[in-house]
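Below is one structure, written out as structure tokens; the observations come after it.
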Amino acid sequence: MSKSIVIQESVLRQIIYTILVSQCSLTVGMCLEWRNDDGETENDWSTSENMSKTLIYGGAIISAGPAALIASMQTKLREVLIIGMLFTLCGSIIVLMCSTGALSTLITGRILHGMGAGIVCVVVPNYAAEITEPKYRDVLTGLHPVFLLSGMMLSHFADDYCTYSHVNIGIIVCMTISNLIALCFIEDPPCFQLIFYENLRKSESDCKSIDVSSNSCHKLLRNRDIDKIIDLSSIFTKKQYYRPLLINICLICIQQFRGNISLMDKLQCAYGGKLPLSEMISTITGFQLISSIFCLIIVSFLGKKNVLIISGLGMTITLTLAIATLYYMKSLDGLWLPYLIVMYIIFYSIGYGPIPWILMPQICPRKSKLWTSGVTVSLYAFLNLIINQPFINNIRYMLYMSCGVDIFLLIFTVVSAIGTVFACMFIPKIKDRTPS
């Protein structure tokens, strides 16, 4: 009886710690969707939304790799996550303090937001996958994309119902401070704690036998860090390490080339511009959030591979029907197209939206999972940076005017079909597997 009570307390502690860590993703989601609509700054920053996302994704690109490197060498996840939250806090305070014309200050704040986002997206899924038991691992790892979408929804709500957009940043500051306080009470995963203290004991025993005045101890520790870097870099040359990396890269590429932005334009055109873009984005984000929660429910008994196959098939079929509606049944365009696009987003959100984040730390050996996550998050931020640029829509419009066909829709359909085949052939079945 007492043993079962101890086990339940252990599971409860795992769940609480994972929720506290995953809440950092909520602030990242709010940072991603924050819009500066205050007076002169918007006039000076003619492309404020695109530039803002460019800065935050640029910050994520430059921070994900170093975060993975530091966490791998020091075997400390909690401390690295605290650094990420500090970046977010500093960026938010800078944005709060900047005047309406201080463009350089605003840029600095957004880059710091991006650096915090990159660190959070590397650490949170790995912490959840490492600390939880196999039975609960998929659900608790999936809290990262769920909290990310929740933050986006909260950001849209704050922007739409508050006339002063910095209220949103004020909420981010309060949440970041509460996250920092909560992180002080959680612990690193047991395996990381064990590795850290073993390395510490080795360092102490080595230094005791060395004359400290000769600076040999410092050289020993420095050489050991260099050996760690060389050893970690070797993961890209062994199949058991680089194969999971390639799978993660392919999943993120398929995830990003899904065309949600272009499809939202189609949806707005179908309604004749009657539906405001901000309201449409909030609605679509809400659909994504509900579908992602539903994904966490079904993935436990269907399995990640089967859910990905269902998601890919659903996206392919709905996009094929959308193309047929656009070019062969033009009279039904305004009637069926919005429903098909919403169905496509739902199929995406139950599979290729959250599952790459769940798989990212689970298919890699423990030795390489942080490095793999760093590369994957950097790629995720880079692809988002490209997709959010205005020239993408310009290219799409020019191609449509020149040939009369929306080539992007065809590309999205092909990518969805490739994603289905990829899931069938390459995604391993790892239900209840303990990371090694």
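Chain labels A, B, ... are given in the sequence in which chains occur in the structure tokens; within each chain residues are numbered consecutively from 1, and ligands are likewise numbered from 1 in the order shown.
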Find the residues of region 55-74 of chain A that sit at most 7 Å from region 113-130 of chain A; for each, write down the nearest two atoms and how far apart they are in Å, to one decimal. Count only C-alpha atoms. Sort by chain, then by number going up, and give it as JSON lines.
{"residue": "A:Leu55", "atom": "CA", "partner": "A:Gly114", "partner_atom": "CA", "distance": 6.9}
{"residue": "A:Ile56", "atom": "CA", "partner": "A:Gly114", "partner_atom": "CA", "distance": 3.8}
{"residue": "A:Tyr57", "atom": "CA", "partner": "A:Gly114", "partner_atom": "CA", "distance": 5.7}
{"residue": "A:Gly58", "atom": "CA", "partner": "A:Gly114", "partner_atom": "CA", "distance": 6.7}
{"residue": "A:Gly59", "atom": "CA", "partner": "A:Gly114", "partner_atom": "CA", "distance": 4.0}
{"residue": "A:Ala60", "atom": "CA", "partner": "A:Gly118", "partner_atom": "CA", "distance": 4.0}
{"residue": "A:Ile61", "atom": "CA", "partner": "A:Gly118", "partner_atom": "CA", "distance": 6.7}
{"residue": "A:Ile62", "atom": "CA", "partner": "A:Met115", "partner_atom": "CA", "distance": 7.0}
{"residue": "A:Ser63", "atom": "CA", "partner": "A:Met115", "partner_atom": "CA", "distance": 5.0}
{"residue": "A:Ala64", "atom": "CA", "partner": "A:Gly118", "partner_atom": "CA", "distance": 4.7}
{"residue": "A:Ala67", "atom": "CA", "partner": "A:Ile119", "partner_atom": "CA", "distance": 5.7}
{"residue": "A:Ala68", "atom": "CA", "partner": "A:Val122", "partner_atom": "CA", "distance": 6.9}
Pull N, CA, C and O atoms from the residues just selected and write them as a short mmCIF file (atom, residue, chain, number, x, y, z; two decimals), in the first residue's frame.
data_model
loop_
_atom_site.label_atom_id
_atom_site.label_comp_id
_atom_site.auth_asym_id
_atom_site.auth_seq_id
_atom_site.Cartn_x
_atom_site.Cartn_y
_atom_site.Cartn_z
N LEU A 55 12.27 39.21 -36.59
CA LEU A 55 13.20 39.40 -35.48
C LEU A 55 13.10 38.27 -34.47
O LEU A 55 14.11 37.75 -33.99
N ILE A 56 11.88 37.87 -34.14
CA ILE A 56 11.72 36.85 -33.10
C ILE A 56 12.20 35.49 -33.61
O ILE A 56 12.84 34.73 -32.88
N TYR A 57 11.95 35.19 -34.88
CA TYR A 57 12.45 33.93 -35.42
C TYR A 57 13.97 33.98 -35.62
O TYR A 57 14.65 32.96 -35.46
N GLY A 58 14.49 35.16 -35.95
CA GLY A 58 15.94 35.31 -36.03
C GLY A 58 16.60 35.07 -34.68
O GLY A 58 17.65 34.41 -34.59
N GLY A 59 16.00 35.59 -33.62
CA GLY A 59 16.52 35.35 -32.28
C GLY A 59 16.47 33.87 -31.90
O GLY A 59 17.39 33.34 -31.27
N ALA A 60 15.39 33.18 -32.32
CA ALA A 60 15.28 31.75 -32.02
C ALA A 60 16.36 30.95 -32.75
O ALA A 60 16.91 29.99 -32.21
N ILE A 61 16.68 31.36 -33.99
CA ILE A 61 17.71 30.64 -34.75
C ILE A 61 19.06 30.72 -34.05
O ILE A 61 19.78 29.71 -33.94
N ILE A 62 19.41 31.89 -33.55
CA ILE A 62 20.74 32.05 -32.97
C ILE A 62 20.84 31.51 -31.54
O ILE A 62 21.94 31.32 -31.02
N SER A 63 19.70 31.22 -30.90
CA SER A 63 19.75 30.76 -29.50
C SER A 63 19.57 29.27 -29.35
O SER A 63 20.02 28.69 -28.35
N ALA A 64 18.90 28.60 -30.29
CA ALA A 64 18.58 27.18 -30.13
C ALA A 64 19.83 26.32 -30.07
O ALA A 64 19.96 25.44 -29.20
N ALA A 67 21.84 26.87 -26.80
CA ALA A 67 21.10 26.28 -25.68
C ALA A 67 21.29 24.77 -25.62
O ALA A 67 21.51 24.20 -24.55
N ALA A 68 21.23 24.12 -26.79
CA ALA A 68 21.45 22.67 -26.83
C ALA A 68 22.87 22.32 -26.43
O ALA A 68 23.11 21.34 -25.72
#
Tell me which protein, DNA and RNA residues are within 9 Å of Ser311 (chain A), counting only C-alpha atoms, leaving out same-chain ones fewer than 2 positions away, and put them as a list of chain:residue names. A:Asn306, A:Val307, A:Leu308, A:Ile309, A:Leu313, A:Gly314, A:Met315, A:Thr316, A:Tyr344, A:Ile346, A:Phe347, A:Tyr348, A:Ser349, A:Ile350, A:Gly351, A:Tyr352, A:Ser416, A:Gly419, A:Thr420
Apply DSSP to the structure's backbone, then extract all residues of region 309-367 of chain A labelled helix (DSSP H, G or I) and return them as a ChimeraX atom specification. /A:309-327,330-349,355-359
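Atom pair CA of Leu296 (chain A) / CA of Leu246 (chain A) has a distance of 24.2 Å (rounded to one decimal).
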Find the residue from A:Arg13, A:His144, A:Lys135, A:Arg78 that sits nearest to Leu26 (chain A); use only C-alpha atoms when measuring.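 Residue with the minimum atom-to-atom distance to Leu26 (chain A): A:His144.
Of the residues listed (A:Ile411, A:Leu180, A:Ile131, A:Ile387), A:Leu180 shows the shortest atom-to-atom separation from Ile83 (chain A); distances use only C-alpha atoms.
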Residues near Ser92 (chain A), cut-off 12 Å, only C-alpha atoms, skip fewer than 2 positions along chain, as a PyMOL selection string: chain A and resi 27-28+30-31+34+85-90+94-98+105-114+116+166-177
Given the selection you just returned, output its residues as a file containing N, CA and C atoms, formatted as a CSV table (one decimal), in the first residue's frame.
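Final file, result.csv:
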chain,number,residue,atom,x,y,z
A,27,THR,N,4.1,31.8,-22.6
A,27,THR,CA,4.7,33.1,-22.8
A,27,THR,C,5.3,33.3,-24.2
A,28,VAL,N,5.9,32.2,-24.7
A,28,VAL,CA,6.5,32.2,-26.0
A,28,VAL,C,5.4,32.4,-27.1
A,30,MET,N,2.5,34.0,-26.6
A,30,MET,CA,2.1,35.4,-26.5
A,30,MET,C,3.1,36.3,-27.2
A,31,CYS,N,4.4,36.0,-27.0
A,31,CYS,CA,5.4,36.9,-27.7
A,31,CYS,C,5.3,36.8,-29.2
A,34,TRP,N,2.2,38.9,-30.4
A,34,TRP,CA,2.1,40.3,-29.9
A,34,TRP,C,2.2,41.2,-31.1
A,85,MET,N,14.0,32.2,-19.9
A,85,MET,CA,12.9,33.0,-19.3
A,85,MET,C,13.5,34.4,-19.0
A,86,LEU,N,14.7,34.5,-18.6
A,86,LEU,CA,15.4,35.8,-18.4
A,86,LEU,C,15.5,36.6,-19.6
A,87,PHE,N,15.8,36.0,-20.8
A,87,PHE,CA,15.8,36.7,-22.0
A,87,PHE,C,14.4,37.2,-22.4
A,88,THR,N,13.4,36.4,-22.1
A,88,THR,CA,12.0,36.8,-22.4
A,88,THR,C,11.6,38.0,-21.5
A,89,LEU,N,12.0,37.9,-20.2
A,89,LEU,CA,11.7,39.0,-19.3
A,89,LEU,C,12.4,40.3,-19.7
A,90,CYS,N,13.7,40.2,-20.0
A,90,CYS,CA,14.4,41.4,-20.4
A,90,CYS,C,13.8,42.0,-21.7
A,94,ILE,N,12.1,45.8,-21.9
A,94,ILE,CA,12.6,46.7,-22.9
A,94,ILE,C,11.5,47.2,-23.8
A,95,VAL,N,10.6,46.3,-24.3
A,95,VAL,CA,9.5,46.7,-25.1
A,95,VAL,C,8.5,47.6,-24.3
A,96,LEU,N,8.3,47.3,-23.0
A,96,LEU,CA,7.4,48.1,-22.2
A,96,LEU,C,8.0,49.5,-22.0
A,97,MET,N,9.3,49.6,-21.9
A,97,MET,CA,9.9,50.9,-21.6
A,97,MET,C,10.1,51.8,-22.8
A,98,CYS,N,10.1,51.2,-24.0
A,98,CYS,CA,10.5,51.9,-25.2
A,98,CYS,C,9.4,52.9,-25.6
A,105,THR,N,15.1,50.2,-29.9
A,105,THR,CA,14.8,49.5,-28.6
A,105,THR,C,13.7,48.4,-28.8
A,106,LEU,N,12.8,48.7,-29.7
A,106,LEU,CA,11.8,47.7,-30.0
A,106,LEU,C,12.4,46.5,-30.7
A,107,ILE,N,13.3,46.7,-31.6
A,107,ILE,CA,14.0,45.6,-32.2
A,107,ILE,C,14.8,44.8,-31.2
A,108,THR,N,15.5,45.4,-30.3
A,108,THR,CA,16.3,44.7,-29.3
A,108,THR,C,15.4,43.8,-28.4
A,109,GLY,N,14.2,44.4,-28.0
A,109,GLY,CA,13.3,43.6,-27.2
A,109,GLY,C,12.8,42.4,-28.0
A,110,ARG,N,12.5,42.5,-29.3
A,110,ARG,CA,11.9,41.4,-30.0
A,110,ARG,C,13.0,40.3,-30.3
A,111,ILE,N,14.2,40.7,-30.5
A,111,ILE,CA,15.3,39.7,-30.6
A,111,ILE,C,15.5,38.9,-29.3
A,112,LEU,N,15.4,39.6,-28.2
A,112,LEU,CA,15.5,38.9,-26.9
A,112,LEU,C,14.3,38.0,-26.7
A,113,HIS,N,13.2,38.4,-27.2
A,113,HIS,CA,12.0,37.5,-27.1
A,113,HIS,C,12.3,36.2,-27.9
A,114,GLY,N,12.9,36.4,-29.1
A,114,GLY,CA,13.2,35.2,-30.0
A,114,GLY,C,14.2,34.3,-29.3
A,116,GLY,N,14.7,33.9,-26.2
A,116,GLY,CA,14.0,33.1,-25.1
A,116,GLY,C,13.2,32.0,-25.7
A,166,HIS,N,0.3,47.3,-25.2
A,166,HIS,CA,1.4,46.9,-24.3
A,166,HIS,C,0.8,46.2,-23.0
A,167,VAL,N,-0.5,46.2,-22.9
A,167,VAL,CA,-1.1,45.4,-21.9
A,167,VAL,C,-0.7,43.9,-22.1
A,168,ASN,N,-0.6,43.5,-23.3
A,168,ASN,CA,-0.2,42.2,-23.6
A,168,ASN,C,1.2,41.9,-23.1
A,169,ILE,N,2.1,42.8,-23.3
A,169,ILE,CA,3.5,42.6,-22.9
A,169,ILE,C,3.5,42.7,-21.3
A,170,GLY,N,2.7,43.5,-20.7
A,170,GLY,CA,2.6,43.5,-19.3
A,170,GLY,C,2.2,42.1,-18.7
A,171,ILE,N,1.2,41.5,-19.4
A,171,ILE,CA,0.8,40.1,-19.0
A,171,ILE,C,2.0,39.1,-19.1
A,172,ILE,N,2.8,39.3,-20.2
A,172,ILE,CA,3.9,38.4,-20.5
A,172,ILE,C,4.9,38.6,-19.3
A,173,VAL,N,5.2,39.9,-18.9
A,173,VAL,CA,6.1,40.1,-17.8
A,173,VAL,C,5.7,39.4,-16.5
A,174,CYS,N,4.4,39.5,-16.2
A,174,CYS,CA,3.9,38.9,-15.0
A,174,CYS,C,4.0,37.4,-15.1
A,175,MET,N,3.6,36.8,-16.2
A,175,MET,CA,3.7,35.4,-16.4
A,175,MET,C,5.1,34.9,-16.3
A,176,THR,N,6.1,35.6,-16.9
A,176,THR,CA,7.5,35.2,-16.9
A,176,THR,C,8.0,35.2,-15.5
A,177,ILE,N,7.7,36.3,-14.8
A,177,ILE,CA,8.2,36.3,-13.4
A,177,ILE,C,7.6,35.1,-12.6
Can you tell me which residues surround Leu340 (chain A) at a distance of at most 8 Å, considering only C-alpha atoms, apart from same-chain residues fewer than 3 positions away, and format the answer as JSON, numbers by chain? {"A": [318, 319, 321, 322, 336, 337, 343, 344]}
Quick one: write out the picked residues with N, CA, C and O atoms as a PDB file, in the first residue's frame?
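File result-v6.pdb, as written:
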ATOM      1  N   THR A 318      -8.525  16.700 -48.491  1.00  0.00           N
ATOM      2  CA  THR A 318      -9.207  17.999 -48.434  1.00  0.00           C
ATOM      3  C   THR A 318      -8.592  19.006 -49.403  1.00  0.00           C
ATOM      4  O   THR A 318      -9.311  19.791 -50.028  1.00  0.00           O
ATOM      5  N   LEU A 319      -7.273  18.977 -49.577  1.00  0.00           N
ATOM      6  CA  LEU A 319      -6.654  19.894 -50.536  1.00  0.00           C
ATOM      7  C   LEU A 319      -7.000  19.509 -51.974  1.00  0.00           C
ATOM      8  O   LEU A 319      -7.192  20.380 -52.825  1.00  0.00           O
ATOM      9  N   LEU A 321      -9.788  18.109 -52.914  1.00  0.00           N
ATOM     10  CA  LEU A 321     -11.160  18.601 -53.095  1.00  0.00           C
ATOM     11  C   LEU A 321     -11.196  20.118 -53.241  1.00  0.00           C
ATOM     12  O   LEU A 321     -12.007  20.661 -54.001  1.00  0.00           O
ATOM     13  N   ALA A 322     -10.305  20.817 -52.513  1.00  0.00           N
ATOM     14  CA  ALA A 322     -10.256  22.278 -52.626  1.00  0.00           C
ATOM     15  C   ALA A 322      -9.822  22.695 -54.026  1.00  0.00           C
ATOM     16  O   ALA A 322     -10.374  23.652 -54.603  1.00  0.00           O
ATOM     17  N   TRP A 336     -18.134  25.766 -50.584  1.00  0.00           N
ATOM     18  CA  TRP A 336     -17.395  24.626 -50.056  1.00  0.00           C
ATOM     19  C   TRP A 336     -15.988  24.953 -49.602  1.00  0.00           C
ATOM     20  O   TRP A 336     -15.458  24.296 -48.705  1.00  0.00           O
ATOM     21  N   LEU A 337     -15.359  25.945 -50.246  1.00  0.00           N
ATOM     22  CA  LEU A 337     -13.947  26.218 -49.958  1.00  0.00           C
ATOM     23  C   LEU A 337     -13.679  26.520 -48.485  1.00  0.00           C
ATOM     24  O   LEU A 337     -12.731  25.966 -47.908  1.00  0.00           O
ATOM     25  N   MET A 343     -11.453  22.066 -42.524  1.00  0.00           N
ATOM     26  CA  MET A 343     -11.193  20.633 -42.353  1.00  0.00           C
ATOM     27  C   MET A 343      -9.706  20.335 -42.511  1.00  0.00           C
ATOM     28  O   MET A 343      -9.143  19.514 -41.779  1.00  0.00           O
ATOM     29  N   TYR A 344      -9.079  20.999 -43.470  1.00  0.00           N
ATOM     30  CA  TYR A 344      -7.638  20.801 -43.666  1.00  0.00           C
ATOM     31  C   TYR A 344      -6.862  21.203 -42.419  1.00  0.00           C
ATOM     32  O   TYR A 344      -5.953  20.483 -41.975  1.00  0.00           O
TER      33      TYR A 344
END
